[in-house]
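A short write-up of the structure that comes next.
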Amino acid sequence: MTLICVASPKGGVGKTTLTANLAYTFQRQGFNVTVIDFDSQDALKLHFGIAFNDPQGYVAEATSNPYWHEMVRTTSIGINVLAYGPTTREERYRFESYISSDPQALYQSLRSFYDSPDDVLLVDLPPGHSVALDAICKLKPLCVTALLSDSASLAVLPSIEEGDFYSGDVSRHLYYVVNQLDLRSELSRDVYSLLKERLGASLLGSVHRDPAVSEAHALQVSVLQHAYTSAVVNDLEVIAHNLMRLMPDTALVQIRQVGE
């Protein structure tokens, strides 16, 4: 039973794509996977074959219906998707007030999604500081921070390390992924080397830049389905296995080690 939030201090780092591809990776490893979108852009669903103009979502009803599992969409391969959905400004304000004022209510709404040993709930947060991030942090998730191997990520890293980005005491559950790593770029290689040295064991891995990822997104499928021979697939499996080692009470901790 594991709650994983994927966040980043800055936008444009591929956070939502990373969340979706990790969901596909965990599902292939035998976990029961649910993804939930806390970003009003409502883009996570696009990775699971749901049209952007689809009217269904949970946020508009979340404050009046605490049984969020009733609003889940299950994909053809068995991943559960809780889309943000179209909302008005008033609905978004009401939702943010709801999740920030009563952590127990938020927990009760989410607990059924990661209630058994083989359940994984992946939460996609908006970029930057947000009410949703503060609310989720109160539930003690594994926090995965998506960074790029660029100077901007180096610039925002101190704010994370000093506790200014994540609220509460999440330092023991704070991890990183370097996304869109381009080894053809000297700057990218140099920054990645610095990040590896600085982050140490809290760095779960990296995802190489590959056009296959964008192509898969355009087709609304996983890169695991679109280009299984891509190095990105191995990158995602390494990150997923590193997260598995951090999961409490899971029945799948005996899954083969990467590289065996």
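Order determines the names: the first chain of the structure tokens is A, the second B, and so forth; residues in each chain are numbered 1 upward, and ligands are numbered 1 upward as they are shown.
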
With only C-alpha atoms counted and 8 Å as the cut-off, give the residues of segment 163-226 of chain A in contact with segment 127-133 of chain A, each with its shortest interatomic distance in Å and the pair that gives it, as CSV.
residue,atom,partner,partner_atom,distance
A:Phe165,CA,A:His129,CA,6.5
A:Tyr166,CA,A:Leu133,CA,7.3
A:Ser167,CA,A:Leu133,CA,7.9

Task: Spatial neighbours of Gly168 of chain A, max dist 9 Å, only C-alpha atoms, sep filter under 5 positions, as an MDAnalysis selection string - done: chainID A and resid 134 137:138 140 163

- [ ] Could you please determine the separation between atom CA of Arg172 of chain A and atom CA of Asn32 of chain A in Å, to one decimal place?
- [x] 25.0 Å

Open item on the list: At a cut-off of 10 Å, using only C-alpha atoms, what residues contact segment 37-48 of chain A? Leave out same-chain residues fewer than 2 positions from it and give the result as number ranges by chain.
Closed with: A: 15-17, 19-21, 24, 35, 50-54, 57-59, 73-77, 79-87, 92, 96, 122-127, 130-133, 136, 216-223

As a tab-separated table (two decimals) with all heavy atoms, in the first residue's frame, list the residues of segment 61-257 of chain A assigned to strand (DSSP E or B) by DSSP on the backbone atoms of this structure.
chain	number	residue	atom	x	y	z
A	73	ARG	N	-12.31	6.06	-13.61
A	73	ARG	CA	-12.41	5.43	-14.94
A	73	ARG	C	-11.32	4.37	-15.01
A	73	ARG	O	-10.16	4.64	-14.68
A	73	ARG	CB	-12.16	6.48	-16.03
A	73	ARG	CG	-12.97	7.74	-15.89
A	73	ARG	CD	-14.30	7.63	-16.56
A	73	ARG	NE	-14.15	7.60	-18.00
A	73	ARG	CZ	-13.99	8.70	-18.75
A	73	ARG	NH1	-13.93	9.89	-18.18
A	73	ARG	NH2	-13.90	8.60	-20.06
A	74	THR	N	-11.65	3.17	-15.45
A	74	THR	CA	-10.68	2.10	-15.58
A	74	THR	C	-10.34	1.89	-17.05
A	74	THR	O	-11.23	1.69	-17.87
A	74	THR	CB	-11.21	0.79	-14.97
A	74	THR	OG1	-11.54	1.00	-13.60
A	74	THR	CG2	-10.15	-0.30	-15.05
A	80	ASN	N	-6.59	2.54	-13.09
A	80	ASN	CA	-7.69	3.42	-12.68
A	80	ASN	C	-7.26	4.87	-12.80
A	80	ASN	O	-6.18	5.25	-12.33
A	80	ASN	CB	-8.10	3.12	-11.24
A	80	ASN	CG	-8.59	1.71	-11.06
A	80	ASN	OD1	-9.36	1.20	-11.87
A	80	ASN	ND2	-8.13	1.05	-10.01
A	81	VAL	N	-8.11	5.69	-13.41
A	81	VAL	CA	-7.79	7.10	-13.64
A	81	VAL	C	-8.86	7.97	-13.00
A	81	VAL	O	-10.05	7.80	-13.24
A	81	VAL	CB	-7.71	7.41	-15.15
A	81	VAL	CG1	-7.38	8.89	-15.36
A	81	VAL	CG2	-6.69	6.52	-15.83
A	82	LEU	N	-8.42	8.89	-12.16
A	82	LEU	CA	-9.31	9.89	-11.57
A	82	LEU	C	-8.92	11.24	-12.17
A	82	LEU	O	-7.97	11.88	-11.73
A	82	LEU	CB	-9.17	9.90	-10.05
A	82	LEU	CG	-10.37	10.35	-9.22
A	82	LEU	CD1	-11.62	9.56	-9.58
A	82	LEU	CD2	-10.09	10.22	-7.74
A	119	ASP	N	-1.54	-2.24	-3.81
A	119	ASP	CA	-2.10	-1.02	-4.39
A	119	ASP	C	-1.05	0.08	-4.45
A	119	ASP	O	-0.31	0.29	-3.48
A	119	ASP	CB	-3.28	-0.50	-3.54
A	119	ASP	CG	-4.51	-1.36	-3.66
A	119	ASP	OD1	-4.60	-2.15	-4.62
A	119	ASP	OD2	-5.40	-1.25	-2.80
A	120	VAL	N	-1.01	0.78	-5.56
A	120	VAL	CA	-0.16	1.97	-5.70
A	120	VAL	C	-1.03	3.12	-6.19
A	120	VAL	O	-1.75	2.99	-7.19
A	120	VAL	CB	0.99	1.74	-6.70
A	120	VAL	CG1	1.74	3.05	-6.97
A	120	VAL	CG2	1.96	0.70	-6.17
A	121	LEU	N	-1.00	4.23	-5.47
A	121	LEU	CA	-1.70	5.45	-5.88
A	121	LEU	C	-0.66	6.50	-6.25
A	121	LEU	O	0.14	6.91	-5.42
A	121	LEU	CB	-2.58	5.96	-4.74
A	121	LEU	CG	-3.25	7.33	-4.96
A	121	LEU	CD1	-4.15	7.31	-6.19
A	121	LEU	CD2	-4.05	7.75	-3.73
A	122	LEU	N	-0.68	6.91	-7.51
A	122	LEU	CA	0.23	7.95	-8.03
A	122	LEU	C	-0.54	9.25	-8.17
A	122	LEU	O	-1.58	9.30	-8.84
A	122	LEU	CB	0.80	7.53	-9.38
A	122	LEU	CG	1.93	6.50	-9.36
A	122	LEU	CD1	2.03	5.79	-10.70
A	122	LEU	CD2	3.26	7.17	-9.03
A	123	VAL	N	-0.03	10.30	-7.54
A	123	VAL	CA	-0.69	11.60	-7.53
A	123	VAL	C	0.14	12.60	-8.34
A	123	VAL	O	1.33	12.80	-8.06
A	123	VAL	CB	-0.86	12.11	-6.09
A	123	VAL	CG1	-1.47	13.50	-6.08
A	123	VAL	CG2	-1.72	11.14	-5.28
A	124	ASP	N	-0.47	13.20	-9.34
A	124	ASP	CA	0.19	14.22	-10.15
A	124	ASP	C	-0.20	15.60	-9.63
A	124	ASP	O	-1.38	15.96	-9.63
A	124	ASP	CB	-0.22	14.07	-11.62
A	124	ASP	CG	0.52	15.03	-12.53
A	124	ASP	OD1	1.72	15.29	-12.27
A	124	ASP	OD2	-0.08	15.53	-13.50
A	142	LEU	N	5.43	9.02	-0.41
A	142	LEU	CA	6.77	9.06	-1.00
A	142	LEU	C	6.75	10.21	-2.00
A	142	LEU	O	5.93	10.23	-2.92
A	142	LEU	CB	7.09	7.75	-1.72
A	142	LEU	CG	7.23	6.49	-0.86
A	142	LEU	CD1	7.47	5.27	-1.75
A	142	LEU	CD2	8.36	6.63	0.14
A	143	CYS	N	7.62	11.19	-1.81
A	143	CYS	CA	7.64	12.38	-2.66
A	143	CYS	C	8.71	12.23	-3.74
A	143	CYS	O	9.90	12.13	-3.42
A	143	CYS	CB	7.91	13.63	-1.83
A	143	CYS	SG	6.65	13.97	-0.59
A	144	VAL	N	8.28	12.22	-4.99
A	144	VAL	CA	9.20	12.13	-6.12
A	144	VAL	C	9.25	13.49	-6.79
A	144	VAL	O	8.24	13.98	-7.31
A	144	VAL	CB	8.76	11.06	-7.12
A	144	VAL	CG1	9.68	11.04	-8.34
A	144	VAL	CG2	8.72	9.68	-6.46
A	145	THR	N	10.43	14.11	-6.79
A	145	THR	CA	10.61	15.43	-7.38
A	145	THR	C	11.23	15.28	-8.76
A	145	THR	O	12.30	14.71	-8.91
A	145	THR	CB	11.54	16.30	-6.52
A	145	THR	OG1	11.08	16.28	-5.17
A	145	THR	CG2	11.58	17.72	-7.04
A	146	ALA	N	10.53	15.76	-9.78
A	146	ALA	CA	11.04	15.71	-11.15
A	146	ALA	C	11.89	16.94	-11.43
A	146	ALA	O	11.45	18.07	-11.22
A	146	ALA	CB	9.88	15.63	-12.14
A	147	LEU	N	13.12	16.70	-11.88
A	147	LEU	CA	14.04	17.78	-12.25
A	147	LEU	C	14.55	17.54	-13.66
A	147	LEU	O	14.44	16.44	-14.21
A	147	LEU	CB	15.24	17.80	-11.29
A	147	LEU	CG	14.98	18.01	-9.80
A	147	LEU	CD1	16.28	17.85	-9.02
A	147	LEU	CD2	14.37	19.38	-9.54
A	148	LEU	N	15.13	18.57	-14.24
A	148	LEU	CA	15.87	18.45	-15.49
A	148	LEU	C	17.35	18.60	-15.18
A	148	LEU	O	17.73	19.15	-14.15
A	148	LEU	CB	15.43	19.51	-16.50
A	148	LEU	CG	13.97	19.49	-16.95
A	148	LEU	CD1	13.72	20.63	-17.95
A	148	LEU	CD2	13.59	18.16	-17.56
A	174	LEU	N	11.77	11.83	0.72
A	174	LEU	CA	11.96	12.74	-0.40
A	174	LEU	C	12.99	12.16	-1.37
A	174	LEU	O	14.12	11.86	-1.00
A	174	LEU	CB	12.44	14.10	0.11
A	174	LEU	CG	12.72	15.18	-0.92
A	174	LEU	CD1	11.52	15.41	-1.81
A	174	LEU	CD2	13.12	16.47	-0.23
A	175	TYR	N	12.56	12.03	-2.64
A	175	TYR	CA	13.41	11.42	-3.67
A	175	TYR	C	13.33	12.23	-4.95
A	175	TYR	O	12.46	13.10	-5.11
A	175	TYR	CB	12.98	9.96	-3.90
A	175	TYR	CG	13.07	9.15	-2.63
A	175	TYR	CD1	11.95	8.99	-1.80
A	175	TYR	CD2	14.27	8.59	-2.23
A	175	TYR	CE1	12.04	8.29	-0.61
A	175	TYR	CE2	14.36	7.88	-1.03
A	175	TYR	CZ	13.25	7.74	-0.24
A	175	TYR	OH	13.34	7.06	0.94
A	176	TYR	N	14.22	11.92	-5.88
A	176	TYR	CA	14.35	12.71	-7.10
A	176	TYR	C	14.46	11.82	-8.33
A	176	TYR	O	14.97	10.70	-8.26
A	176	TYR	CB	15.59	13.60	-7.03
A	176	TYR	CG	15.61	14.58	-5.89
A	176	TYR	CD1	16.06	14.19	-4.62
A	176	TYR	CD2	15.18	15.90	-6.05
A	176	TYR	CE1	16.08	15.08	-3.56
A	176	TYR	CE2	15.19	16.79	-4.99
A	176	TYR	CZ	15.65	16.38	-3.75
A	176	TYR	OH	15.67	17.26	-2.70
A	177	VAL	N	14.00	12.37	-9.46
A	177	VAL	CA	14.21	11.76	-10.77
A	177	VAL	C	14.65	12.87	-11.71
A	177	VAL	O	14.05	13.96	-11.73
A	177	VAL	CB	12.91	11.11	-11.31
A	177	VAL	CG1	13.07	10.75	-12.79
A	177	VAL	CG2	12.56	9.87	-10.50
A	178	VAL	N	15.71	12.61	-12.46
A	178	VAL	CA	16.14	13.55	-13.50
A	178	VAL	C	15.48	13.12	-14.80
A	178	VAL	O	15.70	12.01	-15.29
A	178	VAL	CB	17.67	13.57	-13.64
A	178	VAL	CG1	18.09	14.46	-14.82
A	178	VAL	CG2	18.32	14.07	-12.36
A	179	ASN	N	14.66	13.99	-15.35
A	179	ASN	CA	13.88	13.67	-16.53
A	179	ASN	C	14.50	14.30	-17.78
A	179	ASN	O	15.21	15.30	-17.70
A	179	ASN	CB	12.44	14.18	-16.35
A	179	ASN	CG	11.45	13.46	-17.24
A	179	ASN	OD1	11.71	12.35	-17.72
A	179	ASN	ND2	10.30	14.07	-17.46
A	180	GLN	N	14.24	13.67	-18.94
A	180	GLN	CA	14.67	14.20	-20.24
A	180	GLN	C	16.18	14.42	-20.27
A	180	GLN	O	16.67	15.44	-20.78
A	180	GLN	CB	13.92	15.50	-20.56
A	180	GLN	CG	12.42	15.34	-20.59
A	180	GLN	CD	11.69	16.65	-20.82
A	180	GLN	OE1	12.26	17.62	-21.33
A	180	GLN	NE2	10.42	16.70	-20.45
A	181	LEU	N	16.94	13.47	-19.77
A	181	LEU	CA	18.40	13.57	-19.75
A	181	LEU	C	18.95	13.43	-21.17
A	181	LEU	O	18.71	12.44	-21.84
A	181	LEU	CB	18.99	12.47	-18.85
A	181	LEU	CG	20.51	12.36	-18.80
A	181	LEU	CD1	21.13	13.64	-18.24
A	181	LEU	CD2	20.92	11.15	-17.96
A	203	LEU	N	18.48	9.96	-5.24
A	203	LEU	CA	18.24	10.01	-6.69
A	203	LEU	C	17.80	8.62	-7.16
A	203	LEU	O	18.59	7.68	-7.15
A	203	LEU	CB	19.49	10.47	-7.43
A	203	LEU	CG	19.38	10.56	-8.95
A	203	LEU	CD1	18.31	11.58	-9.37
A	203	LEU	CD2	20.73	10.93	-9.57
A	204	LEU	N	16.55	8.50	-7.56
A	204	LEU	CA	15.99	7.20	-7.96
A	204	LEU	C	16.45	6.76	-9.33
A	204	LEU	O	16.42	5.57	-9.65
A	204	LEU	CB	14.46	7.26	-7.95
A	204	LEU	CG	13.80	7.57	-6.60
A	204	LEU	CD1	12.31	7.80	-6.81
A	204	LEU	CD2	14.04	6.43	-5.62
A	205	GLY	N	16.85	7.71	-10.15
A	205	GLY	CA	17.29	7.38	-11.50
A	205	GLY	C	17.03	8.54	-12.44
A	205	GLY	O	16.63	9.63	-12.02
A	206	SER	N	17.24	8.28	-13.71
A	206	SER	CA	17.03	9.30	-14.74
A	206	SER	C	16.26	8.69	-15.91
A	206	SER	O	16.25	7.48	-16.10
A	206	SER	CB	18.38	9.84	-15.24
A	206	SER	OG	19.14	8.78	-15.82
A	207	VAL	N	15.61	9.57	-16.68
A	207	VAL	CA	14.89	9.16	-17.88
A	207	VAL	C	15.51	9.90	-19.06
A	207	VAL	O	15.50	11.13	-19.09
A	207	VAL	CB	13.38	9.49	-17.78
A	207	VAL	CG1	12.66	9.05	-19.06
A	207	VAL	CG2	12.77	8.81	-16.55
A	208	HIS	N	16.06	9.14	-20.00
A	208	HIS	CA	16.72	9.76	-21.14
A	208	HIS	C	15.72	10.45	-22.07
A	208	HIS	O	14.56	10.04	-22.17
A	208	HIS	CB	17.51	8.72	-21.93
A	208	HIS	CG	18.73	8.22	-21.21
A	208	HIS	ND1	18.66	7.25	-20.23
A	208	HIS	CD2	20.03	8.57	-21.33
A	208	HIS	CE1	19.88	7.01	-19.78
A	208	HIS	NE2	20.72	7.80	-20.42

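Coordinates place atom CA of Asp102 of chain A at a distance of 22.0 Å from atom CA of Met1 of chain A.
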
- [ ] as number ranges by chain, list the residues of segment 77-247 of chain A assigned to helix (DSSP H, G or I) by DSSP on the backbone atoms of this structure.
- [x] A: 89-101, 103-114, 131-137, 151-161, 171-173, 186-202, 211-218, 223-226, 231-244
